Amino acid sequence: LEGRPVARAILERAREELAEYVTQAGRPPELATVLAGDDASAAAYVRAIHRTFDRVGIPVRDVTLPGDVAEAELREAVAHLNADPAVSGIIVLQPLPRHLPAGIASELVDPAKDVDGITPASAGRLAVGLPALPPSTPAGGMAILEHYGIEIAGRHAVVIGRSPVVGLPMALMLIAADATVTVCHSRTSDLPAVTRQADILVAAAGRPGLVRPEMVKPGATVIDFGVSFVDGKMIGDVEPAVGEVAGALTPVPGGTGAVTNAI
């Protein structure tokens, strides 16, 4: 299940929707990114955002803050963006510097501008089935399943991981698509016995090589959100040998990452 064809389709649809939006609004929407500190992964994501948005034609405004930024200064910066009518969406890049309160980003962004689905309001709307913008990573997983025509309704889906930005929202979206969903985590007993029941297996644990071939039902669809670097090589939560058992598998790299960026 290669990610690039899915990403291309998403961006093409975005271009079409953008043209219609600009006709109605008279200007394109604008994204604001807030980057505090010098975390390499966060900075790389900002660069990826610029590359993708340049291709579509949506402007991006960068707000860069020092690594020792005070909590009050961060709050003021995000409040300014919340109040600016030219800013349509806001992304506060993670991780934030360690001296800042955990979860502060989800408290600061106006839910109406929460394009990354991190606020309690966004999470709550997703949980009760109201229209919401979900976190981009699990939304990308759903886009892959849709693009490749993987049937979801009536299937048993097993999600490994319960984080509020990947595993939990992925489970909620699968439930909304009429799957029967089991969520596994570090305290799940006999994980292989559960994963072998899955028609759709989602790995979002952040543990390289966690899912082995003997843990997968023959013919199952496997979505791997894992990104780890071992000896300088990017690997996922799923061993590549799983491809010999599964009916379909997202590769790492080349699978979910490109779709996350496009979403």
# chains A, B, ... in the order shown; residues from 1 in each chain; ligands from 1

call {"tool": "select_by_dssp", "arguments": {"residues": "region 1-115 of chain A", "states": "helix (DSSP H, G or I)", "output": "number ranges by chain"}}
result
A: 3-25, 40-56, 71-83, 104-108, 111-113

call {"tool": "residues_around", "arguments": {"residues": "region 27-29 of chain A", "least_positions_apart": "3", "cutoff": "8 Å", "atoms": "only C-alpha atoms", "output": "compact mmCIF listing (two decimals) with N, CA, C and O atoms, in the first residue's frame"}}
result
# COMPACT_ATOMS: atom_id res chain seq x y z
N LEU A 18 -9.42 24.33 -3.23
CA LEU A 18 -8.83 25.65 -2.99
C LEU A 18 -9.33 26.66 -4.01
O LEU A 18 -9.67 27.80 -3.65
N TYR A 21 -12.71 27.67 -3.06
CA TYR A 21 -12.68 28.49 -1.85
C TYR A 21 -12.26 29.93 -2.17
O TYR A 21 -12.88 30.89 -1.70
N VAL A 22 -11.21 30.07 -2.95
CA VAL A 22 -10.70 31.41 -3.28
C VAL A 22 -11.75 32.20 -4.05
O VAL A 22 -11.91 33.41 -3.85
N THR A 23 -12.49 31.53 -4.92
CA THR A 23 -13.56 32.20 -5.66
C THR A 23 -14.60 32.77 -4.71
O THR A 23 -15.11 33.88 -4.90
N ILE A 58 -1.12 27.35 -0.93
CA ILE A 58 -1.64 27.93 0.32
C ILE A 58 -0.48 28.54 1.09
O ILE A 58 0.54 27.88 1.32
N PRO A 59 -0.59 29.82 1.48
CA PRO A 59 0.50 30.46 2.21
C PRO A 59 0.64 29.92 3.63
O PRO A 59 -0.33 29.51 4.26
N ALA A 86 -7.03 36.54 9.33
CA ALA A 86 -6.32 36.06 8.14
C ALA A 86 -5.81 34.64 8.32
O ALA A 86 -5.51 33.96 7.34
N VAL A 87 -5.69 34.20 9.57
CA VAL A 87 -5.17 32.86 9.87
C VAL A 87 -6.34 31.89 9.96
O VAL A 87 -7.23 32.05 10.80
N SER A 88 -6.34 30.90 9.09
CA SER A 88 -7.42 29.92 9.06
C SER A 88 -7.13 28.71 9.93
O SER A 88 -8.05 28.08 10.45
N GLY A 89 -5.86 28.34 10.05
CA GLY A 89 -5.50 27.15 10.82
C GLY A 89 -4.17 27.34 11.52
O GLY A 89 -3.32 28.14 11.08

call {"tool": "atom_distance", "arguments": {"atom1": "CA of Ala176 (chain A)", "atom2": "CA of Glu17 (chain A)"}}
result
24.5 Å

call {"tool": "atom_distance", "arguments": {"atom1": "CA of Pro251 (chain A)", "atom2": "CA of Arg212 (chain A)"}}
result
14.3 Å

call {"tool": "residues_around", "arguments": {"residues": "Val60 (chain A)", "least_positions_apart": "6", "cutoff": "9 Å", "atoms": "only C-alpha atoms", "output": "list in words"}}
result
Glu30, Leu31, Ala32, Thr33, Ile49, His50, Phe53 and Asp54 of chain A

call {"tool": "atom_distance", "arguments": {"atom1": "CA of Leu172 (chain A)", "atom2": "CA of Leu126 (chain A)"}}
result
7.2 Å
